[in-house]
Amino acid sequence: MELNTWLPFGSFIISFVFATFIFRRYLERRGRHLLLWSIGMVFYGIGGFCEAHYGAFGWNALVFRLWYLFGAILVAAWLGQGTVYLLARRKWANWLTALLALGSLYGLVRVFGAELDPDLMTTSVHTGSELSGHAIVTSGVRMLTPMFNLYGTVALVGGAAWSAWIFWRKRILLHRTLGNLLIAVGAMLPAFGGAFSRAGTANALYIGEFLGAVLIFAGFLRATTPIKE
Amino acid sequence: MSDQDNHTPPKRQYPPLYEKLVPIALGIILALIIVLLLIIFGAALGLFPGSG
């Protein structure tokens, strides 16, 4: 199995294990942040599965559309929305969730209605070994990605870093400080992987996603497990 | 020593290693967030050939 298959397959497995873990915690404790994080990690896993499918079996239009919708557009925003529930007033968080759901439906319609050309993924501007939004021919669809990712990055990475800062300033709950630092770093890795991938580094996106899933999971476990004195 | 001094709570501290590492990590993360936001804005503005 090639690197561009097993790396995203690893991300898929980790994401679904993590999503199951968080969802079980949600069933025990409730808390909408847990529900949204588990949804976000399912999206992360779908993205990984589609990438692995492409690596193993090649082009498939349905798999590409699923990858672009869940893996490229929605994952960061839905994970970030979970963090919004921890940091913002419930009423605001609910409004933003409704807005995000509407935006996600719009994204679904645009992505599934887009014209595709897989030959465009293997042009000189991309590595050729990974899935890429280049395959989308219809204009305006790819513009959705940075908008959703901007919101997701600010909410997820900014929220985790902000929480770490608050705990560190008060010198309380060291496990949460460390956990949030890991989550912040892990959440940034797929975005940086994507940037390196665009610059032509083969498998950078998949490496970033795999390490990102590992670090976010590790950060969550660290943040939820108090350190013994 | 006065009574007041005796009742002053000691300043909370993390273990020494984390007292040094946490602010450094936060600084690096802040710098990376800024770089990341610039990349996202650049992608949104179409400055990178492969954005999206």
# chains A, B, ... in the order shown; residues from 1 in each chain; ligands from 1
>>> residues_around(residues="range 38-45 of chain B", least_positions_apart="4", cutoff="12 Å", atoms="only C-alpha atoms", output="NGL selection string")
(:A and (140-154 or 188 or 191-196 or 198-199)) or (:B and (31-34 or 49-52))
>>> write_last_selection(atoms="N, CA and C atoms", output="mmCIF file, in the first residue's frame")
data_model
loop_
_atom_site.group_PDB
_atom_site.id
_atom_site.type_symbol
_atom_site.label_atom_id
_atom_site.label_comp_id
_atom_site.auth_asym_id
_atom_site.auth_seq_id
_atom_site.Cartn_x
_atom_site.Cartn_y
_atom_site.Cartn_z
ATOM 1 N N GLY A 140 -16.619 29.497 -8.394
ATOM 2 C CA GLY A 140 -17.277 29.895 -7.152
ATOM 3 C C GLY A 140 -17.324 28.812 -6.089
ATOM 4 N N VAL A 141 -17.237 27.540 -6.497
ATOM 5 C CA VAL A 141 -17.354 26.453 -5.512
ATOM 6 C C VAL A 141 -16.139 26.447 -4.582
ATOM 7 N N ARG A 142 -14.957 26.585 -5.168
ATOM 8 C CA ARG A 142 -13.745 26.501 -4.346
ATOM 9 C C ARG A 142 -13.568 27.712 -3.440
ATOM 10 N N MET A 143 -14.307 28.782 -3.743
ATOM 11 C CA MET A 143 -14.253 29.962 -2.877
ATOM 12 C C MET A 143 -14.863 29.683 -1.502
ATOM 13 N N LEU A 144 -15.711 28.651 -1.433
ATOM 14 C CA LEU A 144 -16.347 28.324 -0.152
ATOM 15 C C LEU A 144 -15.323 27.827 0.868
ATOM 16 N N THR A 145 -14.298 27.120 0.371
ATOM 17 C CA THR A 145 -13.350 26.450 1.269
ATOM 18 C C THR A 145 -12.639 27.417 2.220
ATOM 19 N N PRO A 146 -11.982 28.479 1.709
ATOM 20 C CA PRO A 146 -11.307 29.368 2.663
ATOM 21 C C PRO A 146 -12.261 30.055 3.634
ATOM 22 N N MET A 147 -13.501 30.303 3.202
ATOM 23 C CA MET A 147 -14.447 30.975 4.109
ATOM 24 C C MET A 147 -14.794 30.074 5.296
ATOM 25 N N PHE A 148 -15.120 28.816 4.999
ATOM 26 C CA PHE A 148 -15.432 27.870 6.082
ATOM 27 C C PHE A 148 -14.185 27.626 6.943
ATOM 28 N N ASN A 149 -13.030 27.505 6.269
ATOM 29 C CA ASN A 149 -11.812 27.200 7.016
ATOM 30 C C ASN A 149 -11.346 28.378 7.870
ATOM 31 N N LEU A 150 -11.637 29.574 7.419
ATOM 32 C CA LEU A 150 -11.294 30.747 8.232
ATOM 33 C C LEU A 150 -12.077 30.711 9.543
ATOM 34 N N TYR A 151 -13.372 30.465 9.430
ATOM 35 C CA TYR A 151 -14.219 30.375 10.624
ATOM 36 C C TYR A 151 -13.748 29.231 11.526
ATOM 37 N N GLY A 152 -13.502 28.089 10.898
ATOM 38 C CA GLY A 152 -13.087 26.917 11.668
ATOM 39 C C GLY A 152 -11.754 27.117 12.364
ATOM 40 N N THR A 153 -10.818 27.735 11.669
ATOM 41 C CA THR A 153 -9.490 27.951 12.249
ATOM 42 C C THR A 153 -9.562 28.909 13.426
ATOM 43 N N VAL A 154 -10.272 30.007 13.218
ATOM 44 C CA VAL A 154 -10.382 30.994 14.304
ATOM 45 C C VAL A 154 -11.043 30.350 15.517
ATOM 46 N N MET A 188 -3.966 22.898 13.411
ATOM 47 C CA MET A 188 -3.314 23.706 12.361
ATOM 48 C C MET A 188 -2.606 22.839 11.320
ATOM 49 N N ALA A 191 -4.043 22.287 7.750
ATOM 50 C CA ALA A 191 -4.004 23.512 6.940
ATOM 51 C C ALA A 191 -2.595 23.761 6.413
ATOM 52 N N PHE A 192 -1.588 23.556 7.270
ATOM 53 C CA PHE A 192 -0.217 23.740 6.796
ATOM 54 C C PHE A 192 0.163 22.645 5.791
ATOM 55 N N GLY A 193 -0.324 21.428 6.045
ATOM 56 C CA GLY A 193 -0.083 20.349 5.085
ATOM 57 C C GLY A 193 -0.657 20.709 3.727
ATOM 58 N N GLY A 194 -1.865 21.280 3.743
ATOM 59 C CA GLY A 194 -2.498 21.695 2.497
ATOM 60 C C GLY A 194 -1.695 22.766 1.774
ATOM 61 N N ALA A 195 -1.136 23.695 2.557
ATOM 62 C CA ALA A 195 -0.338 24.768 1.956
ATOM 63 C C ALA A 195 0.925 24.198 1.300
ATOM 64 N N PHE A 196 1.580 23.257 1.996
ATOM 65 C CA PHE A 196 2.786 22.640 1.425
ATOM 66 C C PHE A 196 2.431 21.783 0.203
ATOM 67 N N ARG A 198 -0.002 22.406 -1.853
ATOM 68 C CA ARG A 198 -0.202 23.345 -2.967
ATOM 69 C C ARG A 198 1.123 23.812 -3.540
ATOM 70 N N ALA A 199 2.139 23.851 -2.653
ATOM 71 C CA ALA A 199 3.467 24.275 -3.121
ATOM 72 C C ALA A 199 4.208 23.136 -3.812
ATOM 73 N N ALA B 31 2.032 32.874 16.514
ATOM 74 C CA ALA B 31 2.708 33.206 15.249
ATOM 75 C C ALA B 31 2.179 32.338 14.110
ATOM 76 N N LEU B 32 1.976 31.034 14.409
ATOM 77 C CA LEU B 32 1.469 30.120 13.371
ATOM 78 C C LEU B 32 0.039 30.474 12.963
ATOM 79 N N ILE B 33 -0.765 30.896 13.933
ATOM 80 C CA ILE B 33 -2.151 31.294 13.606
ATOM 81 C C ILE B 33 -2.125 32.469 12.628
ATOM 82 N N ILE B 34 -1.242 33.427 12.890
ATOM 83 C CA ILE B 34 -1.154 34.601 12.002
ATOM 84 C C ILE B 34 -0.744 34.166 10.589
ATOM 85 N N PRO B 49 -1.883 29.612 -6.641
ATOM 86 C CA PRO B 49 -2.437 28.939 -7.811
ATOM 87 C C PRO B 49 -3.295 27.742 -7.484
ATOM 88 N N GLY B 50 -2.999 27.051 -6.406
ATOM 89 C CA GLY B 50 -3.742 25.813 -6.117
ATOM 90 C C GLY B 50 -4.735 25.932 -4.996
ATOM 91 N N SER B 51 -5.230 27.143 -4.740
ATOM 92 C CA SER B 51 -6.095 27.299 -3.558
ATOM 93 C C SER B 51 -7.358 26.466 -3.690
ATOM 94 N N GLY B 52 -7.768 25.894 -2.548
ATOM 95 C CA GLY B 52 -8.972 25.060 -2.490
ATOM 96 C C GLY B 52 -8.634 23.635 -2.721
#
>>> select_by_dssp(residues="range 22-215 of chain A", states="alpha helix (DSSP H)", output="PyMOL selection string")
chain A and resi 22-29+32-57+61-66+75-87+90-112+144-153+159-170+174-198+204-215
>>> closest_residue(among="B:Leu17, B:Pro10, B:Leu47, B:Leu30", to="chain A", atoms="only C-alpha atoms")
B:Leu30
>>> atom_distance(atom1="CA of Thr201 in chain A", atom2="CA of Ala72 in chain A")
17.9 Å
>>> atom_distance(atom1="CA of Pro16 in chain B", atom2="CA of Trp162 in chain A")
21.5 Å
>>> closest_residue(among="A:Asn180, A:Asn203, A:Thr224, A:Ser129", to="chain B", atoms="only C-alpha atoms")
A:Asn180
>>> residues_around(residues="range 107-117 of chain A", least_positions_apart="4", cutoff="7 Å", atoms="only C-alpha atoms", output="list in words")
Arg65, Leu69, Gly103, Ala135, Ile136, Val137, Thr138 and Val141 of chain A
>>> write_last_selection(atoms="N, CA and C atoms", output="PDB file, in the first residue's frame")
ATOM      1  N   ARG A  65     -16.557  14.178  -4.580  1.00  0.00           N
ATOM      2  CA  ARG A  65     -17.505  15.183  -4.055  1.00  0.00           C
ATOM      3  C   ARG A  65     -17.638  15.059  -2.544  1.00  0.00           C
ATOM      4  N   LEU A  69     -16.614  18.069   0.016  1.00  0.00           N
ATOM      5  CA  LEU A  69     -17.606  18.631   0.927  1.00  0.00           C
ATOM      6  C   LEU A  69     -17.182  18.461   2.389  1.00  0.00           C
ATOM      7  N   GLY A 103     -25.169  27.066   5.747  1.00  0.00           N
ATOM      8  CA  GLY A 103     -23.999  27.184   4.870  1.00  0.00           C
ATOM      9  C   GLY A 103     -23.538  25.823   4.378  1.00  0.00           C
ATOM     10  N   ALA A 135      -9.840  19.774  -9.439  1.00  0.00           N
ATOM     11  CA  ALA A 135     -10.745  19.019 -10.324  1.00  0.00           C
ATOM     12  C   ALA A 135     -12.098  19.702 -10.495  1.00  0.00           C
ATOM     13  N   ILE A 136     -12.394  20.700  -9.665  1.00  0.00           N
ATOM     14  CA  ILE A 136     -13.692  21.382  -9.765  1.00  0.00           C
ATOM     15  C   ILE A 136     -13.606  22.487 -10.816  1.00  0.00           C
ATOM     16  N   VAL A 137     -14.437  22.354 -11.836  1.00  0.00           N
ATOM     17  CA  VAL A 137     -14.398  23.296 -12.941  1.00  0.00           C
ATOM     18  C   VAL A 137     -15.328  24.487 -12.694  1.00  0.00           C
ATOM     19  N   THR A 138     -16.492  24.213 -12.101  1.00  0.00           N
ATOM     20  CA  THR A 138     -17.495  25.261 -11.887  1.00  0.00           C
ATOM     21  C   THR A 138     -16.936  26.369 -10.997  1.00  0.00           C
ATOM     22  N   VAL A 141     -17.237  27.540  -6.497  1.00  0.00           N
ATOM     23  CA  VAL A 141     -17.354  26.453  -5.512  1.00  0.00           C
ATOM     24  C   VAL A 141     -16.139  26.447  -4.582  1.00  0.00           C
TER      25      VAL A 141
END
